[in-house]
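Here's the structure we're looking at; comments come further down.
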Amino acid sequence: MPHSVETHPLPSERIGTSRSLTVHRFGTPGTRPKVYIQAGLHADETPGFLTAHHLIRRLASARVLGEVVVVPVANPVGLSQVVKGTHVGRYALNDGGNFNRGFADLAEAAQARVQGRLGPDAAANVALIRGALRDAHAEVRPGDEIAAMKHALLGLALDADLVLDLHCDMEAVVHLYTGDALWPELADLAADLGAEAVLLASDSGGPPFDEACSATWWRLSERLGAEGPVPPACAAVTVELRGKADVDDARATADAEAILRTLVRRGVVEGDPVPLPDPACEATPLAGLARVIAPASGVIAFRRSVGDRVEAGETVAEIVDPTAKDPDAARIALTAPVAGLVMARSNVRFAGRGDLIASIAGAAALPASGRGLLFD
Ligand SMILES: [Zn+2]
């Protein structure tokens, strides 16, 4: 079965409205390795759509040895949310929920199913746990359309060996979020994509989609490791494909080719592995990602660009209040809290007090802020 396309209807919330997920499948279901790739869970993050398009084109003519599942538009609910000409794709308009949070944590339900049944064979344990995850997932009864959409996406991905969730930031360099246990396993993908930052965590809070797929494995390893080995069998990663406006065929083709080379290296797609470029970065802790926040409202005048390296105390941007009586006192310098890479910055140029202006990837974990590692 080289390439098939399925439509998964979502439950209708309102008479006369219905949405669905379109699922592209390559290879033979059940063969390994299995790879799951989705784009646009944050529905206003467009680069992944075009990358998925180029990937589908390439996969359709490739010899797929394992199984590849691609959902090129993962969030039709978010895609439909336009308010007076502005697309709102990150948060649900009905309750304000972030579309990439609140995925089901199936670790406990899977644990109950496999406790006392693991043994010394890691591959047998992985197969047993995957079956338990599928069973636990099948018992969940999502309450509404958005919950059903998240449930369907997780169901397509949860037994995959590799999961790529394609996102983007406001303005940014290519960067990845993934689990501590999955590094350096994913270093080849990072190098091939030219990622300039890789942020590692074991529990970033939320949980986001990638952790809903992957963190189950290290949670079960902690709880059941005495019974037998539980490897991190689902390598899930959030891939941030630059900024919202970085959408063109040249970059999307290059990103799709990098992903395809990763599939070749893993034996999912037939081909000859090619040498990797040198990595563009070392991995750093997600807890070391410093946020530059606007202390007051005003125009954002950036002093540094994404991809720049800064020292602690260096000015990244100034906030300008044009109403100040003394123009010389109208500017507030926003400085880098730590040394590191300006990984992302705002794509608007006016800030409200408390707005996120820039994110700087530092090398060392910062003291816990109490608000979780992900900036909602
Ligand atoms: Zn996103």
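For the structure tokens, the naming scheme is as follows: chains receive sequential letters (A, B, ...) according to their order of presentation, residues are indexed from 1 within each chain, and ligands are indexed from 1 in presentation order.
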At a cut-off of 7 Å, can you tabulate as a tab-separated table every residue of chain A near ligand 1 together with its closest atom pair and the distance in Å to one decimal, using only C-alpha atoms and all ligand atoms and ordering rows by chain then number?
```
residue	atom	partner	partner_atom_place_in_ligand_line	distance
A:Leu41	CA	ligand 1	1 (Zn)	6.8
A:His42	CA	ligand 1	1 (Zn)	4.7
A:Glu45	CA	ligand 1	1 (Zn)	6.4
A:Arg90	CA	ligand 1	1 (Zn)	6.9
A:His167	CA	ligand 1	1 (Zn)	4.4
A:Cys168	CA	ligand 1	1 (Zn)	5.5
A:Asp169	CA	ligand 1	1 (Zn)	6.4
```
Neighbours of Pro76 (chain A) within 10 Å (only C-alpha atoms; same-chain residues fewer than 6 positions away dropped), as a CSV table (one decimal) with all heavy atoms, in the first residue's frame?
```csv
chain,number,residue,atom,x,y,z
A,10,LEU,N,-14.7,14.5,12.7
A,10,LEU,CA,-14.7,14.9,14.1
A,10,LEU,C,-16.2,15.1,14.5
A,10,LEU,O,-17.0,15.5,13.6
A,10,LEU,CB,-14.0,16.2,14.3
A,10,LEU,CG,-12.5,16.2,14.0
A,10,LEU,CD1,-11.8,17.5,14.1
A,10,LEU,CD2,-11.8,15.1,14.9
A,18,SER,N,-19.3,20.7,10.3
A,18,SER,CA,-18.6,19.4,10.6
A,18,SER,C,-17.2,19.6,10.0
A,18,SER,O,-16.9,20.3,9.1
A,18,SER,CB,-19.2,18.2,9.9
A,18,SER,OG,-19.2,18.4,8.5
A,19,ARG,N,-16.2,19.1,10.8
A,19,ARG,CA,-14.8,19.1,10.4
A,19,ARG,C,-14.2,17.7,10.4
A,19,ARG,O,-14.8,16.8,11.0
A,19,ARG,CB,-14.0,20.1,11.3
A,19,ARG,CG,-14.3,21.5,11.0
A,19,ARG,CD,-13.6,22.4,12.0
A,19,ARG,NE,-14.4,22.6,13.2
A,19,ARG,CZ,-15.0,23.7,13.6
A,19,ARG,NH1,-14.9,24.8,12.8
A,19,ARG,NH2,-15.8,23.7,14.7
A,20,SER,N,-13.0,17.6,9.8
A,20,SER,CA,-12.4,16.3,9.7
A,20,SER,C,-10.9,16.4,9.7
A,20,SER,O,-10.4,17.5,9.3
A,20,SER,CB,-12.9,15.5,8.5
A,20,SER,OG,-12.6,16.2,7.3
A,21,LEU,N,-10.2,15.3,10.0
A,21,LEU,CA,-8.8,15.3,9.8
A,21,LEU,C,-8.5,14.5,8.6
A,21,LEU,O,-9.1,13.4,8.4
A,21,LEU,CB,-8.1,14.6,11.0
A,21,LEU,CG,-8.2,15.3,12.4
A,21,LEU,CD1,-7.7,14.3,13.5
A,21,LEU,CD2,-7.3,16.5,12.4
A,22,THR,N,-7.5,14.9,7.8
A,22,THR,CA,-7.1,14.2,6.6
A,22,THR,C,-5.7,13.5,7.0
A,22,THR,O,-4.8,14.2,7.4
A,22,THR,CB,-6.9,15.1,5.4
A,22,THR,OG1,-8.2,15.8,5.2
A,22,THR,CG2,-6.5,14.4,4.2
A,40,GLY,N,0.7,22.1,12.1
A,40,GLY,CA,-0.4,23.1,12.4
A,40,GLY,C,-1.3,22.8,13.5
A,40,GLY,O,-2.4,23.2,13.5
A,41,LEU,N,-0.8,22.1,14.6
A,41,LEU,CA,-1.6,21.9,15.8
A,41,LEU,C,-1.9,23.3,16.4
A,41,LEU,O,-3.0,23.6,16.8
A,41,LEU,CB,-0.8,21.1,16.8
A,41,LEU,CG,-1.5,20.8,18.1
A,41,LEU,CD1,-2.9,20.2,18.0
A,41,LEU,CD2,-0.6,20.0,19.0
A,42,HIS,N,-0.9,24.2,16.4
A,42,HIS,CA,-1.2,25.6,16.5
A,42,HIS,C,-1.5,26.1,15.0
A,42,HIS,O,-0.6,26.2,14.2
A,42,HIS,CB,0.0,26.4,17.1
A,42,HIS,CG,0.2,26.2,18.5
A,42,HIS,ND1,1.4,26.1,19.1
A,42,HIS,CD2,-0.7,26.0,19.5
A,42,HIS,CE1,1.3,25.9,20.4
A,42,HIS,NE2,0.0,25.9,20.7
A,43,ALA,N,-2.7,26.4,14.8
A,43,ALA,CA,-3.2,26.4,13.4
A,43,ALA,C,-2.7,27.6,12.6
A,43,ALA,O,-2.9,27.7,11.4
A,43,ALA,CB,-4.7,26.3,13.4
A,89,GLY,N,-5.0,31.0,16.0
A,89,GLY,CA,-4.8,29.5,15.8
A,89,GLY,C,-4.1,28.8,17.0
A,89,GLY,O,-4.0,27.6,17.0
A,146,ILE,N,-13.0,19.5,20.2
A,146,ILE,CA,-11.5,19.7,20.4
A,146,ILE,C,-10.9,18.5,21.1
A,146,ILE,O,-9.8,18.0,20.7
A,146,ILE,CB,-11.3,21.0,21.1
A,146,ILE,CG1,-11.7,22.2,20.2
A,146,ILE,CG2,-9.8,21.2,21.5
A,146,ILE,CD1,-11.7,23.6,20.9
A,149,MET,N,-10.5,15.8,18.7
A,149,MET,CA,-9.4,16.0,17.7
A,149,MET,C,-8.1,15.7,18.4
A,149,MET,O,-7.3,14.9,17.8
A,149,MET,CB,-9.5,17.5,17.3
A,149,MET,CG,-8.4,17.9,16.3
A,149,MET,SD,-8.6,19.7,15.9
A,149,MET,CE,-7.9,20.4,17.4
```
Worksheet item: Between A:Cys234, A:Cys213, A:Ala226, A:Val274, which one has atoms that come closest to Glu257 (chain A), using only C-alpha atoms?
Response: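 Residue with the minimum atom-to-atom distance to Glu257 (chain A): A:Val274.
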Worksheet item: Near region 161-165 of chain A, counting only C-alpha atoms, which residues have an atom at most 7 Å away, once you skip same-chain residues fewer than 2 positions from it, shown as JSON, numbers by chain?
Response: {"A": [33, 34, 35, 36, 37, 38, 39, 157, 159, 167, 210, 233, 234, 235, 236, 237, 238, 239]}
Discussion item. Using only C-alpha atoms, which protein or nucleic acid residues come within 6 Å of Gly27 (chain A)? Drop anything in the same chain fewer than 6 positions from it, and give the result as a PyMOL selection string.
Written reply: chain A and resi 1-2+64+66-67
Please dump the current selection as a PDB file, in the first residue's frame; keep N, CA and C atoms.
```pdb
ATOM      1  N   MET A   1       0.856  -1.193   0.000  1.00  0.00           N
ATOM      2  CA  MET A   1       0.000   0.000   0.000  1.00  0.00           C
ATOM      3  C   MET A   1       0.890   1.240   0.000  1.00  0.00           C
ATOM      4  N   PRO A   2       1.149   1.804  -1.202  1.00  0.00           N
ATOM      5  CA  PRO A   2       2.138   2.885  -1.242  1.00  0.00           C
ATOM      6  C   PRO A   2       1.665   4.181  -0.585  1.00  0.00           C
ATOM      7  N   VAL A  64       8.794   3.111   0.929  1.00  0.00           N
ATOM      8  CA  VAL A  64       8.665   3.193   2.385  1.00  0.00           C
ATOM      9  C   VAL A  64       8.747   1.777   2.956  1.00  0.00           C
ATOM     10  N   GLY A  66       9.027   1.054   6.364  1.00  0.00           N
ATOM     11  CA  GLY A  66       8.247   0.973   7.593  1.00  0.00           C
ATOM     12  C   GLY A  66       6.864   1.547   7.342  1.00  0.00           C
ATOM     13  N   GLU A  67       6.423   2.412   8.255  1.00  0.00           N
ATOM     14  CA  GLU A  67       5.111   3.054   8.112  1.00  0.00           C
ATOM     15  C   GLU A  67       5.279   4.537   8.411  1.00  0.00           C
TER      16      GLU A  67
END
```
Discussion item. Report as a count of residues only all protein, DNA and RNA residues lying within 8 Å of region 241-244 of chain A, evaluated on only C-alpha atoms, omitting residues in the same chain fewer than 4 positions from it.
Written reply: 15
Discussion item. Can you tell me which residues surround region 336-346 of chain A at a distance of at most 10 Å, considering only C-alpha atoms, apart from same-chain residues fewer than 2 positions away, and format the answer as a ChimeraX atom specification?
Written reply: /A:168-175,196-197,242-243,281,288-292,300,302,304-317,333-334,348-351,355-364,366
